[in-house]
Amino acid sequence: MKTFIAECGVWFGKFIKQAGLALLTLVFAVAVPVAHSQVSFAPATSTPIASSSLKYVALAYLNGDTNLDLVLAPTMGNEVTVMLGDGLGGFDQATNFIASHFTDGFSSLAVGDVNGDGMADIIAADASNGEINVLFGLGDGAFQSTNLLIGATGDLNQPSAVGLADFNRDRTNDVVVANQGNSSVTVFTATGVGGFASGANYMVGAGPAALAVGDFNNDGKKDVAVANYTGDSVSVMLGYGDG
């Protein structure tokens, strides 16, 4: 399963508020750029979303077809929004799913399979209450009505970014979280059946605000890079391959 994640922005589009609704603006390319050519797009289309203060968006295949779907999360409220793609540049009517017990909004969003069933799940960080929540996907674009709380990193920790990768090479995505409040990174290794081990904490630079995961030293093991907002620095954590 291929999953594309945007932490604090959008892959394509822009979010604005108007008349109490958030508007999802989509911009589609109609020309393939070549050397020294100008890139052009079709006129943007906006879709009203019954949610406030939308900020985070992720792309994933949620319902078993070959069309990319959207997952949106706001900075206010406790629901994430799912819009299934039609493969022609359009999206079905938005459906909301409760992803937190609190209504303070989310600070980061990721989508991927974390329980080994081949279906995309939603992971949403709540900085205000220090929680990381999971909605398990059903494979048809819907999600379980009850969410799993991976762990409370603590409201003083302020989880600011969340990412997915297989850190212990068991073929199941684990969850990595940057905690801006206490300048740490927490890794929750997945059991492969819907559970997670207790988080392991690692200290990084001051005020981590974003993270990225990849193999930086070509040893086949996942590493983590963290952008530190307060410290004006980048922290790199080289993985041992055991989580």
# chains A, B, ... in the order shown; residues from 1 in each chain; ligands from 1
$ residues_around --residues "Leu164 in chain A" --least-positions-apart "3" --cutoff "12 Å" --atoms "only C-alpha atoms" --output "PyMOL selection string"
chain A and resi 2-7+108-114+120-124+161+167-168+171-178+186-190+211-214+222-224
$ write_last_selection --atoms "N, CA and C atoms" --output "compact mmCIF listing (two decimals), in the first residue's frame"
# COMPACT_ATOMS: atom_id res chain seq x y z
N LYS A 2 0.60 2.17 -0.91
CA LYS A 2 1.35 3.41 -0.96
C LYS A 2 0.54 4.50 -0.26
N THR A 3 1.18 5.23 0.61
CA THR A 3 0.52 6.30 1.34
C THR A 3 1.36 7.55 1.25
N PHE A 4 0.70 8.68 1.00
CA PHE A 4 1.40 9.94 0.87
C PHE A 4 0.91 10.85 1.99
N ILE A 5 1.83 11.47 2.71
CA ILE A 5 1.48 12.20 3.92
C ILE A 5 1.98 13.63 3.82
N ALA A 6 1.13 14.61 4.18
CA ALA A 6 1.56 15.99 4.33
C ALA A 6 1.37 16.39 5.79
N GLU A 7 2.44 16.87 6.43
CA GLU A 7 2.37 17.18 7.85
C GLU A 7 1.68 18.50 8.11
N SER A 108 -1.32 17.22 14.01
CA SER A 108 -0.66 16.50 12.93
C SER A 108 -1.52 15.33 12.50
N LEU A 109 -1.25 14.81 11.32
CA LEU A 109 -2.06 13.75 10.73
C LEU A 109 -1.19 12.85 9.89
N ALA A 110 -1.44 11.53 9.97
CA ALA A 110 -0.77 10.56 9.11
C ALA A 110 -1.76 9.46 8.78
N VAL A 111 -1.56 8.81 7.64
CA VAL A 111 -2.43 7.72 7.21
C VAL A 111 -1.58 6.56 6.73
N GLY A 112 -1.88 5.36 7.22
CA GLY A 112 -1.17 4.16 6.81
C GLY A 112 -1.67 2.96 7.59
N ASP A 113 -1.25 1.78 7.19
CA ASP A 113 -1.69 0.54 7.85
C ASP A 113 -0.81 0.29 9.08
N VAL A 114 -1.42 0.34 10.27
CA VAL A 114 -0.65 0.12 11.50
C VAL A 114 -1.06 -1.16 12.23
N ALA A 120 -5.80 1.10 5.21
CA ALA A 120 -5.23 2.34 5.73
C ALA A 120 -5.95 2.78 7.00
N ASP A 121 -5.18 3.18 7.99
CA ASP A 121 -5.70 3.70 9.25
C ASP A 121 -5.31 5.17 9.38
N ILE A 122 -6.00 5.89 10.24
CA ILE A 122 -5.74 7.31 10.45
C ILE A 122 -5.11 7.51 11.82
N ILE A 123 -4.01 8.24 11.87
CA ILE A 123 -3.34 8.57 13.13
C ILE A 123 -3.36 10.08 13.27
N ALA A 124 -3.91 10.57 14.36
CA ALA A 124 -4.05 12.01 14.57
C ALA A 124 -3.47 12.40 15.92
N ALA A 161 4.04 16.64 15.64
CA ALA A 161 4.14 15.98 14.34
C ALA A 161 4.12 14.48 14.55
N PHE A 167 10.05 0.65 11.87
CA PHE A 167 11.35 0.86 12.51
C PHE A 167 12.01 -0.44 12.97
N ASN A 168 11.22 -1.47 13.25
CA ASN A 168 11.81 -2.72 13.74
C ASN A 168 11.73 -3.86 12.73
N ARG A 171 7.50 -5.59 9.23
CA ARG A 171 6.55 -5.39 8.13
C ARG A 171 5.25 -4.73 8.59
N THR A 172 5.29 -4.06 9.72
CA THR A 172 4.14 -3.30 10.21
C THR A 172 4.60 -1.89 10.55
N ASN A 173 3.82 -0.90 10.14
CA ASN A 173 4.18 0.48 10.43
C ASN A 173 4.15 0.77 11.93
N ASP A 174 5.15 1.44 12.41
CA ASP A 174 5.19 1.97 13.77
C ASP A 174 4.90 3.47 13.71
N VAL A 175 4.69 4.08 14.86
CA VAL A 175 4.33 5.49 14.93
C VAL A 175 5.43 6.26 15.63
N VAL A 176 5.88 7.36 15.00
CA VAL A 176 6.88 8.23 15.60
C VAL A 176 6.27 9.61 15.80
N VAL A 177 6.53 10.20 16.95
CA VAL A 177 5.90 11.47 17.33
C VAL A 177 6.96 12.45 17.79
N ALA A 178 6.90 13.68 17.29
CA ALA A 178 7.75 14.76 17.79
C ALA A 178 6.98 15.53 18.85
N THR A 186 9.02 10.37 20.46
CA THR A 186 8.51 9.12 21.01
C THR A 186 8.21 8.15 19.88
N VAL A 187 8.67 6.91 20.03
CA VAL A 187 8.40 5.86 19.04
C VAL A 187 7.51 4.80 19.68
N PHE A 188 6.35 4.56 19.07
CA PHE A 188 5.43 3.51 19.50
C PHE A 188 5.52 2.38 18.48
N THR A 189 6.06 1.23 18.86
CA THR A 189 6.16 0.11 17.94
C THR A 189 4.85 -0.68 17.95
N ALA A 190 4.38 -1.00 16.74
CA ALA A 190 3.11 -1.70 16.59
C ALA A 190 3.28 -3.20 16.80
N LEU A 211 8.80 16.39 11.38
CA LEU A 211 9.73 15.27 11.23
C LEU A 211 9.58 14.62 9.87
N ALA A 212 10.62 13.90 9.50
CA ALA A 212 10.61 13.11 8.27
C ALA A 212 11.35 11.81 8.54
N VAL A 213 10.94 10.76 7.82
CA VAL A 213 11.51 9.43 8.04
C VAL A 213 12.10 8.91 6.73
N GLY A 214 13.28 8.32 6.80
CA GLY A 214 13.91 7.71 5.64
C GLY A 214 15.17 7.00 6.06
N LYS A 222 15.32 2.42 9.11
CA LYS A 222 14.66 3.71 9.08
C LYS A 222 15.28 4.67 10.10
N ASP A 223 15.51 5.89 9.64
CA ASP A 223 16.04 6.96 10.48
C ASP A 223 15.01 8.09 10.56
N VAL A 224 15.23 9.00 11.49
CA VAL A 224 14.30 10.11 11.70
C VAL A 224 15.06 11.43 11.70
$ residues_around --residues "Ser233 in chain A" --least-positions-apart "3" --cutoff "10 Å" --atoms "only C-alpha atoms" --output "VMD selection string"
chain A and resid 204 to 208 226 to 230
$ closest_residue --among "A:Val236, A:Val162, A:Ile150, A:Ala197" --to "Ala210 in chain A" --atoms "only C-alpha atoms"
A:Val162
$ select_by_dssp --residues "range 35-241 of chain A" --states "strand (DSSP E)" --output "ChimeraX atom specification"
/A:45-49,54-60,69-74,79-83,95-98,108-112,121-126,131-135,148-152,159-165,174-179,184-188,200-203,208-214,223-228,233-237
$ closest_residue --among "A:Gly130, A:Gly85, A:Gly90, A:Gly194" --to "Phe102 in chain A" --atoms "only C-alpha atoms"
A:Gly130
$ residues_around --residues "Leu135 in chain A" --least-positions-apart "6" --cutoff "8 Å" --atoms "only C-alpha atoms" --output "ChimeraX atom specification"
/A:99,121-123,143-148
$ write_last_selection --atoms "all heavy atoms" --output "short mmCIF file (atom, residue, chain, number, x, y, z; two decimals), in the first residue's frame"
data_model
loop_
_atom_site.label_atom_id
_atom_site.label_comp_id
_atom_site.auth_asym_id
_atom_site.auth_seq_id
_atom_site.Cartn_x
_atom_site.Cartn_y
_atom_site.Cartn_z
N ALA A 99 -12.29 11.34 16.11
CA ALA A 99 -10.95 10.80 16.28
C ALA A 99 -10.30 11.20 17.60
O ALA A 99 -9.13 10.89 17.83
CB ALA A 99 -10.05 11.25 15.12
N ASP A 121 -5.18 3.18 7.99
CA ASP A 121 -5.70 3.70 9.25
C ASP A 121 -5.31 5.17 9.38
O ASP A 121 -4.39 5.65 8.70
CB ASP A 121 -5.13 2.91 10.42
CG ASP A 121 -5.26 1.40 10.22
OD1 ASP A 121 -6.39 0.95 9.97
OD2 ASP A 121 -4.24 0.69 10.28
N ILE A 122 -6.00 5.89 10.24
CA ILE A 122 -5.74 7.31 10.45
C ILE A 122 -5.11 7.51 11.82
O ILE A 122 -5.62 7.00 12.82
CB ILE A 122 -7.03 8.15 10.35
CG1 ILE A 122 -7.63 8.03 8.95
CG2 ILE A 122 -6.76 9.62 10.70
CD1 ILE A 122 -8.99 8.72 8.81
N ILE A 123 -4.01 8.24 11.87
CA ILE A 123 -3.34 8.57 13.13
C ILE A 123 -3.36 10.08 13.27
O ILE A 123 -2.89 10.80 12.37
CB ILE A 123 -1.89 8.04 13.15
CG1 ILE A 123 -1.88 6.50 13.03
CG2 ILE A 123 -1.20 8.45 14.45
CD1 ILE A 123 -1.91 5.99 11.62
N PHE A 143 -14.40 4.02 8.85
CA PHE A 143 -13.48 3.73 9.94
C PHE A 143 -14.26 3.31 11.17
O PHE A 143 -15.44 3.66 11.32
CB PHE A 143 -12.60 4.95 10.25
CG PHE A 143 -11.66 5.28 9.13
CD1 PHE A 143 -12.09 6.00 8.02
CD2 PHE A 143 -10.36 4.82 9.16
CE1 PHE A 143 -11.24 6.28 6.97
CE2 PHE A 143 -9.49 5.10 8.12
CZ PHE A 143 -9.93 5.82 7.02
N GLN A 144 -13.62 2.55 12.04
CA GLN A 144 -14.28 2.08 13.25
C GLN A 144 -14.82 3.24 14.06
O GLN A 144 -14.22 4.32 14.12
CB GLN A 144 -13.31 1.25 14.11
CG GLN A 144 -12.95 -0.09 13.51
CD GLN A 144 -12.06 -0.91 14.42
OE1 GLN A 144 -11.82 -0.53 15.55
NE2 GLN A 144 -11.58 -2.03 13.93
N SER A 145 -15.95 3.01 14.68
CA SER A 145 -16.62 4.08 15.41
C SER A 145 -15.90 4.45 16.69
O SER A 145 -16.10 5.52 17.26
CB SER A 145 -18.06 3.68 15.74
OG SER A 145 -18.09 2.48 16.49
N THR A 146 -15.05 3.57 17.18
CA THR A 146 -14.27 3.87 18.38
C THR A 146 -12.80 3.96 18.02
O THR A 146 -12.30 3.17 17.23
CB THR A 146 -14.46 2.78 19.46
OG1 THR A 146 -14.10 1.51 18.91
CG2 THR A 146 -15.90 2.74 19.92
N ASN A 147 -12.13 4.94 18.57
CA ASN A 147 -10.73 5.12 18.24
C ASN A 147 -9.84 4.56 19.34
O ASN A 147 -10.24 4.45 20.49
CB ASN A 147 -10.41 6.61 18.02
CG ASN A 147 -10.65 7.44 19.27
OD1 ASN A 147 -11.74 7.45 19.79
ND2 ASN A 147 -9.63 8.13 19.74
N LEU A 148 -8.63 4.21 18.96
CA LEU A 148 -7.65 3.67 19.90
C LEU A 148 -6.71 4.78 20.32
O LEU A 148 -6.15 5.51 19.48
CB LEU A 148 -6.84 2.55 19.23
CG LEU A 148 -5.63 2.05 20.03
CD1 LEU A 148 -6.07 1.27 21.26
CD2 LEU A 148 -4.74 1.19 19.14
#
$ residues_around --residues "range 74-76 of chain A" --least-positions-apart "5" --cutoff "6 Å" --atoms "only C-alpha atoms" --output "list in words"
Ser53, Leu54, Lys55, Asp104, Gly105 and Phe106 of chain A
$ write_last_selection --atoms "N, CA, C and O atoms" --output "short mmCIF file (atom, residue, chain, number, x, y, z; two decimals), in the first residue's frame"
data_model
loop_
_atom_site.label_atom_id
_atom_site.label_comp_id
_atom_site.auth_asym_id
_atom_site.auth_seq_id
_atom_site.Cartn_x
_atom_site.Cartn_y
_atom_site.Cartn_z
N SER A 53 -11.52 25.44 10.67
CA SER A 53 -10.08 25.56 10.83
C SER A 53 -9.32 24.35 10.31
O SER A 53 -8.42 23.81 10.96
N LEU A 54 -9.64 23.91 9.08
CA LEU A 54 -8.90 22.80 8.47
C LEU A 54 -7.45 23.21 8.25
O LEU A 54 -7.15 24.30 7.78
N LYS A 55 -6.53 22.31 8.57
CA LYS A 55 -5.11 22.61 8.41
C LYS A 55 -4.29 21.47 7.86
O LYS A 55 -3.30 21.69 7.17
N ASP A 104 -10.30 19.94 21.04
CA ASP A 104 -9.31 21.00 20.88
C ASP A 104 -8.59 20.95 19.54
O ASP A 104 -7.65 21.71 19.31
N GLY A 105 -9.01 20.06 18.66
CA GLY A 105 -8.39 19.98 17.35
C GLY A 105 -7.14 19.12 17.34
O GLY A 105 -6.77 18.48 18.33
N PHE A 106 -6.46 19.12 16.18
CA PHE A 106 -5.31 18.23 15.97
C PHE A 106 -4.08 19.04 15.58
O PHE A 106 -4.17 20.15 15.08
#
